[in-house]
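Colleague: For reference, the file structure_27.txt (compact mmCIF, C-alpha atoms) is included below:
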```
# COMPACT_ATOMS: atom_id res chain seq x y z
CA MET X 156 -66.06 16.08 14.54
CA ASP X 157 -65.54 13.31 17.10
CA ARG X 158 -62.86 13.34 19.81
CA LEU X 159 -60.41 11.09 17.97
CA ASP X 160 -60.57 13.29 14.84
CA GLN X 161 -59.82 16.36 16.96
CA GLN X 162 -56.95 14.61 18.75
CA LEU X 163 -55.41 13.44 15.48
CA GLN X 164 -55.68 16.91 14.01
CA PHE X 165 -53.71 18.23 16.99
CA VAL X 166 -51.14 15.44 16.60
CA ALA X 167 -50.74 16.29 12.89
CA GLU X 168 -50.38 20.04 13.50
CA ALA X 169 -47.96 19.47 16.37
CA GLY X 170 -45.93 17.23 14.03
CA ARG X 171 -45.02 20.30 11.95
CA LEU X 172 -42.60 21.16 14.80
CA ARG X 173 -40.19 18.81 12.99
CA GLY X 174 -39.85 21.58 10.39
CA VAL X 175 -38.99 24.41 12.83
CA VAL X 176 -35.23 24.97 12.71
CA ARG X 177 -33.52 26.29 15.85
CA GLN X 178 -30.40 28.44 16.29
CA THR X 179 -28.44 25.52 17.76
CA THR X 180 -25.98 23.74 15.47
CA LEU X 181 -25.29 20.07 16.21
CA ALA X 182 -21.94 18.31 15.85
CA ASP X 183 -23.34 14.87 14.90
CA PRO X 184 -25.37 15.07 12.70
CA ALA X 185 -23.61 18.27 11.55
CA ARG X 186 -26.59 20.57 10.93
CA ARG X 187 -29.01 22.90 12.71
CA GLU X 188 -31.33 21.25 15.24
CA ASN X 189 -35.12 21.28 14.88
CA SER X 190 -37.50 21.93 17.75
CA ALA X 191 -39.08 18.44 17.73
CA GLU X 192 -35.80 16.56 18.14
CA HIS X 193 -34.68 19.22 20.66
CA SER X 194 -37.81 18.50 22.71
CA TRP X 195 -37.02 14.78 22.58
CA HIS X 196 -33.43 15.36 23.63
CA LEU X 197 -34.69 17.35 26.62
CA THR X 198 -36.83 14.38 27.72
CA MET X 199 -33.63 12.28 27.66
CA LEU X 200 -31.87 14.90 29.79
CA ALA X 201 -34.81 14.82 32.22
CA LEU X 202 -34.59 11.01 32.56
CA ALA X 203 -30.78 10.95 32.89
CA LEU X 204 -30.44 14.01 35.18
CA ALA X 205 -33.56 13.55 37.33
CA GLU X 206 -31.54 13.33 40.55
CA TYR X 207 -30.53 17.01 40.24
CA ALA X 208 -34.16 18.18 40.47
CA PRO X 209 -35.26 19.46 43.90
CA ALA X 210 -36.64 16.69 46.17
CA GLY X 211 -40.31 16.01 45.49
CA THR X 212 -40.23 17.16 41.85
CA ASP X 213 -42.76 15.20 39.74
CA LEU X 214 -40.54 13.91 36.91
CA ALA X 215 -43.48 12.71 34.78
CA ARG X 216 -44.81 16.27 34.76
CA VAL X 217 -41.36 17.60 33.82
CA VAL X 218 -41.19 15.19 30.87
CA ALA X 219 -44.72 16.05 29.67
CA MET X 220 -43.92 19.76 29.97
CA LEU X 221 -40.74 19.35 27.92
CA ALA X 222 -42.61 17.41 25.23
CA VAL X 223 -45.18 20.21 24.92
CA HIS X 224 -43.18 23.39 25.62
CA ASP X 225 -42.15 24.24 22.05
CA VAL X 226 -45.32 23.20 20.18
CA VAL X 227 -46.34 26.86 19.80
CA GLU X 228 -43.32 27.33 17.50
CA VAL X 229 -45.35 25.54 14.80
CA ASP X 230 -47.01 28.95 14.31
CA ALA X 231 -44.59 31.36 16.04
CA GLY X 232 -41.20 29.96 14.93
CA ASP X 233 -38.03 29.86 17.05
CA LEU X 234 -36.25 32.97 18.37
CA SER X 235 -32.71 33.20 19.77
CA VAL X 236 -32.56 33.56 23.56
CA TYR X 237 -30.10 36.40 22.87
CA ALA X 238 -32.58 38.37 20.68
CA PRO X 239 -33.33 41.98 21.74
CA HIS X 240 -36.02 42.53 24.39
CA ALA X 241 -38.53 43.99 21.87
CA ASP X 242 -38.24 40.85 19.71
CA GLN X 243 -38.72 38.65 22.78
CA ALA X 244 -41.89 40.57 23.67
CA ARG X 245 -43.28 40.17 20.13
CA GLN X 246 -42.38 36.46 20.24
CA SER X 247 -44.22 36.04 23.52
CA VAL X 248 -47.39 37.55 22.02
CA ALA X 249 -47.09 35.30 18.94
CA GLU X 250 -46.61 32.22 21.14
CA HIS X 251 -49.72 33.00 23.17
CA VAL X 252 -51.78 33.39 19.98
CA ALA X 253 -50.33 30.08 18.78
CA ALA X 254 -51.20 28.38 22.08
CA ASP X 255 -54.80 29.59 21.73
CA ARG X 256 -55.06 28.05 18.27
CA LEU X 257 -53.09 24.83 18.67
CA PHE X 258 -54.24 23.52 22.05
CA ASN X 259 -57.86 24.29 21.10
CA LEU X 260 -57.63 21.77 18.26
CA LEU X 261 -58.04 19.24 21.10
CA PRO X 262 -61.33 18.46 22.87
CA ALA X 263 -61.94 21.17 25.52
CA ASP X 264 -60.92 19.06 28.55
CA GLN X 265 -57.58 18.14 26.97
CA ALA X 266 -57.01 21.64 25.57
CA GLY X 267 -57.26 23.00 29.11
CA ALA X 268 -54.87 20.44 30.58
CA MET X 269 -52.30 20.91 27.80
CA ARG X 270 -52.52 24.72 28.05
CA THR X 271 -52.01 24.50 31.84
CA LEU X 272 -48.85 22.50 31.22
CA TRP X 273 -47.56 25.08 28.72
CA ASP X 274 -48.47 28.04 30.97
CA GLU X 275 -46.73 26.33 33.89
CA PHE X 276 -43.50 26.05 31.86
CA GLU X 277 -43.74 29.71 30.83
CA GLU X 278 -44.52 30.99 34.34
CA ARG X 279 -41.69 29.04 35.98
CA ALA X 280 -43.46 29.05 39.36
CA THR X 281 -43.28 25.32 40.23
CA SER X 282 -40.19 23.19 40.85
CA GLU X 283 -41.24 21.07 37.84
CA ALA X 284 -41.27 24.12 35.54
CA ARG X 285 -38.02 25.49 36.97
CA PHE X 286 -36.24 22.17 36.44
CA ALA X 287 -37.67 21.83 32.90
CA ARG X 288 -36.53 25.38 32.08
CA ALA X 289 -33.07 24.62 33.48
CA LEU X 290 -32.71 21.64 31.12
CA ASP X 291 -33.97 23.76 28.19
CA ARG X 292 -31.13 26.24 28.90
CA LEU X 293 -28.46 23.62 29.61
CA GLN X 294 -28.93 21.52 26.46
CA PRO X 295 -27.87 24.21 23.92
CA MET X 296 -24.77 24.93 26.05
CA LEU X 297 -23.75 21.27 25.80
CA GLU X 298 -24.21 21.43 22.01
CA ASN X 299 -22.26 24.71 21.78
CA VAL X 300 -19.27 23.14 23.54
CA LYS X 301 -19.39 20.20 21.13
CA VAL X 302 -19.33 22.39 17.99
CA GLY X 303 -16.70 24.73 19.44
CA GLY X 304 -18.85 27.78 20.11
CA GLY X 305 -22.07 27.62 18.09
CA THR X 306 -24.51 30.37 19.08
CA TRP X 307 -21.90 31.77 21.51
CA ARG X 308 -20.03 33.05 18.44
CA GLN X 309 -22.90 35.35 17.41
CA PRO X 310 -21.54 38.92 17.18
CA GLY X 311 -21.71 40.75 20.52
CA ILE X 312 -22.41 37.68 22.71
CA THR X 313 -20.21 37.57 25.81
CA ALA X 314 -19.84 35.39 28.90
CA ALA X 315 -22.00 37.90 30.81
CA ASP X 316 -24.93 37.22 28.42
CA VAL X 317 -24.52 33.48 28.85
CA MET X 318 -24.26 33.81 32.63
CA THR X 319 -27.80 35.32 32.73
CA LYS X 320 -28.96 31.95 31.29
CA VAL X 321 -26.85 30.10 33.87
CA ALA X 322 -28.77 31.92 36.62
CA LEU X 323 -31.95 30.31 35.25
CA ILE X 324 -30.31 26.88 35.37
CA GLU X 325 -29.20 27.49 38.98
CA ASP X 326 -32.76 28.44 39.86
CA GLY X 327 -34.04 25.06 38.63
CA SER X 328 -31.13 22.97 39.89
CA PRO X 329 -28.25 24.35 41.99
CA GLU X 330 -25.97 21.44 40.99
CA LEU X 331 -26.61 21.76 37.25
CA GLY X 332 -26.26 25.53 37.61
CA GLN X 333 -22.83 25.12 39.15
CA PHE X 334 -21.87 22.69 36.39
CA ALA X 335 -23.04 25.18 33.73
CA ARG X 336 -21.06 27.99 35.36
CA HIS X 337 -17.88 25.91 35.11
CA LEU X 338 -18.75 25.03 31.50
CA VAL X 339 -19.02 28.71 30.59
CA GLU X 340 -15.80 29.61 32.40
CA GLN X 341 -14.02 26.83 30.52
CA ALA X 342 -15.51 28.06 27.21
CA VAL X 343 -13.98 31.49 27.87
CA ARG X 344 -10.60 29.89 28.67
CA ASP X 345 -10.87 27.83 25.48
CA GLY X 346 -11.56 30.99 23.47
CA ILE X 347 -14.91 29.78 22.09
CA LEU X 348 -16.88 32.44 24.04
CA ALA X 349 -15.86 36.08 24.42
CA ALA X 350 -14.97 37.18 27.98
CA ASP X 351 -16.24 40.74 27.33
CA PRO X 352 -17.29 42.94 24.36
CA GLY X 353 -13.63 43.73 23.64
CA THR X 354 -12.63 40.05 23.23
CA ALA X 355 -14.14 38.29 20.20
CA ALA X 356 -14.38 34.46 20.37
CA LYS X 357 -11.50 32.75 18.59
CA MET N 91 -15.50 9.63 36.12
CA ASP N 92 -18.21 11.09 38.33
CA ARG N 93 -21.94 10.42 37.92
CA LEU N 94 -22.69 13.66 36.08
CA ASP N 95 -19.92 13.01 33.54
CA GLN N 96 -21.34 9.54 32.88
CA GLN N 97 -24.87 10.89 32.56
CA LEU N 98 -23.79 13.61 30.13
CA GLN N 99 -21.87 11.11 28.04
CA PHE N 100 -25.08 9.06 27.72
CA VAL N 101 -27.07 12.20 26.83
CA ALA N 102 -24.50 13.09 24.13
CA GLU N 103 -24.44 9.58 22.62
CA ALA N 104 -28.24 9.35 22.72
CA GLY N 105 -28.35 12.71 20.92
CA ARG N 106 -26.87 11.06 17.82
CA LEU N 107 -30.35 9.55 17.30
CA ARG N 108 -31.12 12.88 15.55
CA GLY N 109 -28.96 11.59 12.71
CA VAL N 110 -30.73 8.22 12.25
CA VAL N 111 -33.05 8.51 9.25
CA ARG N 112 -36.19 6.35 9.20
CA GLN N 113 -38.16 4.87 6.32
CA THR N 114 -41.10 7.22 6.93
CA THR N 115 -41.44 10.24 4.66
CA LEU N 116 -43.16 13.31 6.13
CA ALA N 117 -45.48 15.68 4.26
CA ASP N 118 -44.54 18.85 6.20
CA PRO N 119 -41.56 19.19 6.36
CA ALA N 120 -41.29 17.19 3.09
CA ARG N 121 -38.41 14.85 3.91
CA ARG N 122 -37.60 11.55 5.67
CA GLU N 123 -38.19 11.50 9.41
CA ASN N 124 -35.41 10.89 11.93
CA SER N 125 -35.73 8.64 14.96
CA ALA N 126 -35.34 11.42 17.54
CA GLU N 127 -38.20 13.54 16.22
CA HIS N 128 -40.23 10.35 15.68
CA SER N 129 -39.74 9.51 19.38
CA TRP N 130 -40.90 13.01 20.31
CA HIS N 131 -43.96 12.75 18.05
CA LEU N 132 -44.87 9.49 19.79
CA THR N 133 -44.82 11.23 23.17
CA MET N 134 -47.31 13.75 21.74
CA LEU N 135 -49.51 10.87 20.54
CA ALA N 136 -49.31 9.34 24.04
CA LEU N 137 -50.44 12.60 25.68
CA ALA N 138 -53.23 13.26 23.15
CA LEU N 139 -54.51 9.66 22.88
CA ALA N 140 -54.05 8.55 26.50
CA GLU N 141 -57.76 7.78 26.93
CA TYR N 142 -57.49 4.85 24.48
CA ALA N 143 -55.02 3.01 26.72
CA PRO N 144 -56.48 0.21 28.88
CA ALA N 145 -57.73 1.42 32.28
CA GLY N 146 -54.91 1.61 34.83
CA THR N 147 -52.13 2.14 32.26
CA ASP N 148 -49.32 4.28 33.73
CA LEU N 149 -49.02 7.04 31.13
CA ALA N 150 -45.76 8.43 32.57
CA ARG N 151 -44.16 5.03 32.01
CA VAL N 152 -45.53 4.91 28.44
CA VAL N 153 -44.00 8.33 27.71
CA ALA N 154 -40.62 7.39 29.22
CA MET N 155 -40.63 4.13 27.25
CA LEU N 156 -41.38 5.97 23.99
CA ALA N 157 -38.58 8.48 24.67
CA VAL N 158 -36.09 5.63 25.16
CA HIS N 159 -37.31 2.91 22.77
CA ASP N 160 -35.27 3.86 19.69
CA VAL N 161 -32.00 4.95 21.37
CA VAL N 162 -30.34 1.67 20.35
CA GLU N 163 -30.61 2.82 16.71
CA VAL N 164 -27.66 5.15 17.42
CA ASP N 165 -25.55 2.01 16.90
CA ALA N 166 -27.94 -0.37 15.10
CA GLY N 167 -29.67 1.99 12.65
CA ASP N 168 -33.32 1.80 11.59
CA LEU N 169 -34.84 -1.15 9.73
CA SER N 170 -38.18 -1.26 7.87
CA VAL N 171 -40.93 -3.17 9.70
CA TYR N 172 -41.52 -4.89 6.36
CA ALA N 173 -37.92 -6.20 6.09
CA PRO N 174 -37.45 -10.00 5.67
CA HIS N 175 -37.44 -12.13 8.82
CA ALA N 176 -33.67 -12.85 8.63
CA ASP N 177 -32.94 -9.08 8.56
CA GLN N 178 -35.26 -8.54 11.54
CA ALA N 179 -33.40 -11.23 13.49
CA ARG N 180 -30.01 -9.64 12.71
CA GLN N 181 -31.41 -6.24 13.68
CA SER N 182 -32.62 -7.61 17.01
CA VAL N 183 -29.13 -8.93 17.81
CA ALA N 184 -27.56 -5.59 16.84
CA GLU N 185 -30.05 -3.69 19.01
CA HIS N 186 -29.29 -5.84 22.05
CA VAL N 187 -25.55 -5.25 21.59
CA ALA N 188 -26.31 -1.52 21.28
CA ALA N 189 -28.43 -1.58 24.45
CA ASP N 190 -25.53 -3.21 26.33
CA ARG N 191 -23.18 -0.43 25.25
CA LEU N 192 -25.41 2.63 25.42
CA PHE N 193 -27.31 2.14 28.67
CA ASN N 194 -24.06 1.14 30.42
CA LEU N 195 -22.68 4.61 29.75
CA LEU N 196 -24.95 5.59 32.68
CA PRO N 197 -24.15 4.88 36.35
CA ALA N 198 -25.12 1.26 37.11
CA ASP N 199 -28.39 2.04 38.95
CA GLN N 200 -29.67 4.16 36.06
CA ALA N 201 -28.36 1.78 33.40
CA GLY N 202 -30.46 -0.97 34.97
CA ALA N 203 -33.62 1.15 35.13
CA MET N 204 -33.25 2.40 31.55
CA ARG N 205 -32.55 -1.11 30.26
CA THR N 206 -35.63 -2.42 32.08
CA LEU N 207 -37.70 0.23 30.31
CA TRP N 208 -36.25 -0.74 26.92
CA ASP N 209 -36.68 -4.49 27.56
CA GLU N 210 -40.28 -3.88 28.65
CA PHE N 211 -41.04 -2.15 25.34
CA GLU N 212 -39.43 -4.99 23.39
CA GLU N 213 -41.17 -7.77 25.35
CA ARG N 214 -44.64 -6.18 25.05
CA ALA N 215 -45.86 -7.96 28.20
CA THR N 216 -47.34 -4.99 30.12
CA SER N 217 -50.27 -2.77 29.14
CA GLU N 218 -47.81 0.18 29.12
CA ALA N 219 -45.56 -1.56 26.59
CA ARG N 220 -48.50 -2.74 24.48
CA PHE N 221 -49.94 0.77 24.30
CA ALA N 222 -46.51 2.28 23.52
CA ARG N 223 -45.99 -0.29 20.74
CA ALA N 224 -49.46 0.46 19.36
CA LEU N 225 -48.58 4.17 19.03
CA ASP N 226 -45.24 3.28 17.43
CA ARG N 227 -47.15 1.35 14.74
CA LEU N 228 -49.96 3.88 14.32
CA GLN N 229 -47.79 6.99 13.79
CA PRO N 230 -46.15 5.88 10.49
CA MET N 231 -49.62 4.95 9.14
CA LEU N 232 -50.84 8.50 9.81
CA GLU N 233 -47.78 9.87 7.98
CA ASN N 234 -48.26 7.43 5.07
CA VAL N 235 -51.83 8.66 4.55
CA LYS N 236 -50.60 12.28 4.54
CA VAL N 237 -47.97 11.66 1.84
CA GLY N 238 -50.29 9.49 -0.25
CA GLY N 239 -48.75 6.09 0.40
CA GLY N 240 -45.18 6.46 1.66
CA THR N 241 -43.72 3.13 2.81
CA TRP N 242 -46.93 1.38 1.68
CA ARG N 243 -45.71 1.90 -1.91
CA GLN N 244 -42.61 -0.26 -1.39
CA PRO N 245 -42.65 -3.07 -3.99
CA GLY N 246 -44.58 -6.11 -2.82
CA ILE N 247 -46.28 -4.47 0.21
CA THR N 248 -50.00 -5.25 0.40
CA ALA N 249 -52.90 -4.55 2.76
CA ALA N 250 -52.33 -8.01 4.31
CA ASP N 251 -48.79 -6.97 5.38
CA VAL N 252 -50.11 -3.76 6.90
CA MET N 253 -52.93 -5.62 8.67
CA THR N 254 -50.34 -7.66 10.63
CA LYS N 255 -49.21 -4.29 12.09
CA VAL N 256 -52.83 -3.34 12.78
CA ALA N 257 -53.15 -6.49 14.92
CA LEU N 258 -50.37 -5.11 17.12
CA ILE N 259 -52.23 -1.79 17.46
CA GLU N 260 -55.43 -3.64 18.41
CA ASP N 261 -53.50 -5.54 21.06
CA GLY N 262 -52.44 -2.28 22.72
CA SER N 263 -55.69 -0.40 22.22
CA PRO N 264 -58.85 -1.93 20.72
CA GLU N 265 -60.23 1.50 19.75
CA LEU N 266 -57.04 2.66 18.01
CA GLY N 267 -56.81 -0.76 16.36
CA GLN N 268 -60.30 -0.38 14.92
CA PHE N 269 -59.42 3.12 13.73
CA ALA N 270 -56.23 1.81 12.06
CA ARG N 271 -58.19 -0.98 10.36
CA HIS N 272 -60.54 1.59 8.79
CA LEU N 273 -57.54 3.72 7.79
CA VAL N 274 -55.97 0.78 5.94
CA GLU N 275 -59.26 -0.15 4.23
CA GLN N 276 -59.64 3.47 3.10
CA ALA N 277 -56.02 3.48 1.82
CA VAL N 278 -56.85 0.47 -0.37
CA ARG N 279 -59.99 2.18 -1.69
CA ASP N 280 -57.92 5.32 -2.39
CA GLY N 281 -55.40 3.24 -4.33
CA ILE N 282 -52.40 4.23 -2.17
CA LEU N 283 -51.96 0.67 -0.81
CA ALA N 284 -52.20 -2.52 -2.88
CA ALA N 285 -55.12 -4.83 -2.00
CA ASP N 286 -53.11 -7.94 -2.95
CA PRO N 287 -49.84 -8.85 -4.75
CA GLY N 288 -51.60 -8.54 -8.13
CA THR N 289 -52.69 -4.92 -7.53
CA ALA N 290 -49.87 -2.37 -7.35
CA ALA N 291 -50.58 0.89 -5.49
CA LYS N 292 -51.58 3.70 -7.87
```
Represent the structure from my file as structure tokens, please.
Modeller:
Amino acid sequence: MDRLDQQLQFVAEAGRLRGVVRQTTLADPARRENSAEHSWHLTMLALALAEYAPAGTDLARVVAMLAVHDVVEVDAGDLSVYAPHADQARQSVAEHVAADRLFNLLPADQAGAMRTLWDEFEERATSEARFARALDRLQPMLENVKVGGGTWRQPGITAADVMTKVALIEDGSPELGQFARHLVEQAVRDGILAADPGTAAK
Amino acid sequence: MDRLDQQLQFVAEAGRLRGVVRQTTLADPARRENSAEHSWHLTMLALALAEYAPAGTDLARVVAMLAVHDVVEVDAGDLSVYAPHADQARQSVAEHVAADRLFNLLPADQAGAMRTLWDEFEERATSEARFARALDRLQPMLENVKVGGGTWRQPGITAADVMTKVALIEDGSPELGQFARHLVEQAVRDGILAADPGTAAK
């Protein structure tokens, strides 16, 4: 099979991400979000919010990372960030198996480069990966506010759970982290997120 | 309103692109495609097919252009590339009005940069824009083959109509243009695209 055939097979398989439905509910259109359009929306966040990345961050790499980061869900599906630890561990294994299959549809040189990009996002060791991860955590919060709670209304979810995600935003961008902290505090005041296990969201 | 508020308002308005349904029908998931996930899929094509861009093409700019190119459809909607000339002219006016509104939600410096990116795609004067436009024409052809005709089965569409789109692919990438030409010839042989007005697609 020649290079172009391999590349187009990857493009076709990756395209199935349009059928992976996420936990996030959108306000407009009023339906659950899929992982392909989520990835696109993150690239728009990256372009619009670039100035909140640490100085020297390579924005093109951030955008490429965001475009690629969820492709493994074609095989592994989407899991809630609030799922139990054991489920997260199983998901991580499934995503690594998926990465082995999907990126290797590409010619070897490209498979390596694409896998490096995905690993970098997962490992969160560079400022590019930390900023990309921050946007990936911020975007569902923005959608939750718009629908009046969304995934924050899942039974048992409290502000403390959401604040662990805010810490990850702060790590990628102190300014966006501070913004997210205020967003979560406001959500508690508005009654769309429970303050503690004893207070259910309105 | 501070910068971050303006930026987040743009991000929210742009997000409505997830609700703009295109002409293209997908095979998996089996439904019409929306413009947000289409824009994402194009960024995947750009990353996978980068080597077919003319030497010296700035891939990061291509990816940013593809992420932004359809945002105006939030206001203007999507129009078939095979629509009559008068409809295309009206659509172009509507898209320019939409660009004026949407990009100006951003702080002025960013509005200018984003508008420049969108204008560049429309004007097709740089190798980045020509390659981006080539991918935007190639992707629906790949989907049409997968669903056994798709938009090629619209009444009155013939191989000659599709070949005018192939010329645009060739202009952005001679190799992808040649590939698209063979794809269209094969579609005619397979009976999923009419050879001429007298031969309806099977």
Colleague: Report as JSON lines the residues of chain X within 7 Å of chain N, each with its shortest atom pair and distance in Å (one decimal), using all atoms listed in the file, ordered by chain and increasing residue number.
Modeller:
```
{"residue": "X:Gln162", "atom": "CA", "partner": "N:Ala138", "partner_atom": "CA", "distance": 5.9}
{"residue": "X:Val166", "atom": "CA", "partner": "N:Leu135", "partner_atom": "CA", "distance": 6.3}
{"residue": "X:Gly170", "atom": "CA", "partner": "N:His131", "partner_atom": "CA", "distance": 6.3}
{"residue": "X:Arg171", "atom": "CA", "partner": "N:Asp118", "partner_atom": "CA", "distance": 5.9}
{"residue": "X:Arg173", "atom": "CA", "partner": "N:Glu127", "partner_atom": "CA", "distance": 6.5}
{"residue": "X:Gly174", "atom": "CA", "partner": "N:Pro119", "partner_atom": "CA", "distance": 5.0}
{"residue": "X:Asp183", "atom": "CA", "partner": "N:Arg106", "partner_atom": "CA", "distance": 6.0}
{"residue": "X:Pro184", "atom": "CA", "partner": "N:Gly109", "partner_atom": "CA", "distance": 5.0}
{"residue": "X:Ala191", "atom": "CA", "partner": "N:Glu127", "partner_atom": "CA", "distance": 5.2}
{"residue": "X:Glu192", "atom": "CA", "partner": "N:Glu127", "partner_atom": "CA", "distance": 4.3}
{"residue": "X:Ser194", "atom": "CA", "partner": "N:Trp130", "partner_atom": "CA", "distance": 6.7}
{"residue": "X:Trp195", "atom": "CA", "partner": "N:Trp130", "partner_atom": "CA", "distance": 4.8}
{"residue": "X:His196", "atom": "CA", "partner": "N:Gly105", "partner_atom": "CA", "distance": 6.3}
{"residue": "X:Thr198", "atom": "CA", "partner": "N:Ala157", "partner_atom": "CA", "distance": 6.9}
{"residue": "X:Met199", "atom": "CA", "partner": "N:Val101", "partner_atom": "CA", "distance": 6.6}
{"residue": "X:Leu200", "atom": "CA", "partner": "N:Val101", "partner_atom": "CA", "distance": 6.3}
{"residue": "X:Ala203", "atom": "CA", "partner": "N:Gln97", "partner_atom": "CA", "distance": 5.9}
{"residue": "X:Leu204", "atom": "CA", "partner": "N:Gln97", "partner_atom": "CA", "distance": 6.9}
{"residue": "X:Ala215", "atom": "CA", "partner": "N:Ala150", "partner_atom": "CA", "distance": 5.3}
{"residue": "X:Ala222", "atom": "CA", "partner": "N:Trp130", "partner_atom": "CA", "distance": 6.8}
```
Colleague: Got a sec to check which residues sit within 9 Å of (-26.2, 24.0, 36.8), counting all atoms listed in the file, and write them as a PDB file with C-alpha atoms, in the frame of the given file?
Modeller:
```pdb
ATOM      1  CA  TYR X 207     -30.530  17.010  40.240  1.00  0.00           C
ATOM      2  CA  ALA X 289     -33.070  24.620  33.480  1.00  0.00           C
ATOM      3  CA  LEU X 290     -32.710  21.640  31.120  1.00  0.00           C
ATOM      4  CA  LEU X 293     -28.460  23.620  29.610  1.00  0.00           C
ATOM      5  CA  VAL X 321     -26.850  30.100  33.870  1.00  0.00           C
ATOM      6  CA  ALA X 322     -28.770  31.920  36.620  1.00  0.00           C
ATOM      7  CA  LEU X 323     -31.950  30.310  35.250  1.00  0.00           C
ATOM      8  CA  ILE X 324     -30.310  26.880  35.370  1.00  0.00           C
ATOM      9  CA  GLU X 325     -29.200  27.490  38.980  1.00  0.00           C
ATOM     10  CA  ASP X 326     -32.760  28.440  39.860  1.00  0.00           C
ATOM     11  CA  GLY X 327     -34.040  25.060  38.630  1.00  0.00           C
ATOM     12  CA  SER X 328     -31.130  22.970  39.890  1.00  0.00           C
ATOM     13  CA  PRO X 329     -28.250  24.350  41.990  1.00  0.00           C
ATOM     14  CA  GLU X 330     -25.970  21.440  40.990  1.00  0.00           C
ATOM     15  CA  LEU X 331     -26.610  21.760  37.250  1.00  0.00           C
ATOM     16  CA  GLY X 332     -26.260  25.530  37.610  1.00  0.00           C
ATOM     17  CA  GLN X 333     -22.830  25.120  39.150  1.00  0.00           C
ATOM     18  CA  PHE X 334     -21.870  22.690  36.390  1.00  0.00           C
ATOM     19  CA  ALA X 335     -23.040  25.180  33.730  1.00  0.00           C
ATOM     20  CA  ARG X 336     -21.060  27.990  35.360  1.00  0.00           C
ATOM     21  CA  HIS X 337     -17.880  25.910  35.110  1.00  0.00           C
TER      22      HIS X 337
END
```
Colleague: Using all atoms listed in the file, which residues sit within 9 Å of Leu169 of chain N once same-chain residues fewer than 2 positions away are excluded, as a short mmCIF file (atom, residue, chain, number, x, y, z; two decimals) with C-alpha atoms, in the coordinates of the input?
Modeller:
```cif
data_model
loop_
_atom_site.label_atom_id
_atom_site.label_comp_id
_atom_site.auth_asym_id
_atom_site.auth_seq_id
_atom_site.Cartn_x
_atom_site.Cartn_y
_atom_site.Cartn_z
CA ARG N 112 -36.19 6.35 9.20
CA GLN N 113 -38.16 4.87 6.32
CA ALA N 166 -27.94 -0.37 15.10
CA GLY N 167 -29.67 1.99 12.65
CA VAL N 171 -40.93 -3.17 9.70
CA TYR N 172 -41.52 -4.89 6.36
CA ALA N 173 -37.92 -6.20 6.09
CA ASP N 177 -32.94 -9.08 8.56
CA GLN N 178 -35.26 -8.54 11.54
CA GLN N 181 -31.41 -6.24 13.68
#
```
Colleague: Measure the distance from atom CA of His159 of chain N to atom CA of Trp208 of chain N in Å and round it to one decimal.
Modeller: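 Atom-to-atom, atom CA of His159 of chain N to atom CA of Trp208 of chain N, that is 5.6 Å.
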Colleague: Would you compute the distance between atom CA of Met220 of chain X and atom CA of Leu272 of chain X? Give it in Å to one decimal.
Modeller: 5.8 Å
Colleague: One decimal, Å: what's the distance from atom CA of Thr289 of chain N over to atom CA of Val237 of chain N, could you say?
Modeller: 19.6 Å
Colleague: Pick the closest to Gly238 of chain N from N:Ala140, N:Ala198, N:Val152, N:Ala277: which is it, counting only C-alpha atoms?
Modeller: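 Ranking N:Ala140, N:Ala198, N:Val152, N:Ala277 by distance to Gly238 of chain N, first place goes to N:Ala277.
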Colleague: Identify which of the residues N:Ala284, N:Leu192, N:Ala176, N:Val252 lies closest to Glu163 of chain N, counting all atoms listed in the file when measuring atom-to-atom distances.
Modeller: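 Comparing N:Ala284, N:Leu192, N:Ala176, N:Val252 against Glu163 of chain N, the winner is N:Leu192.
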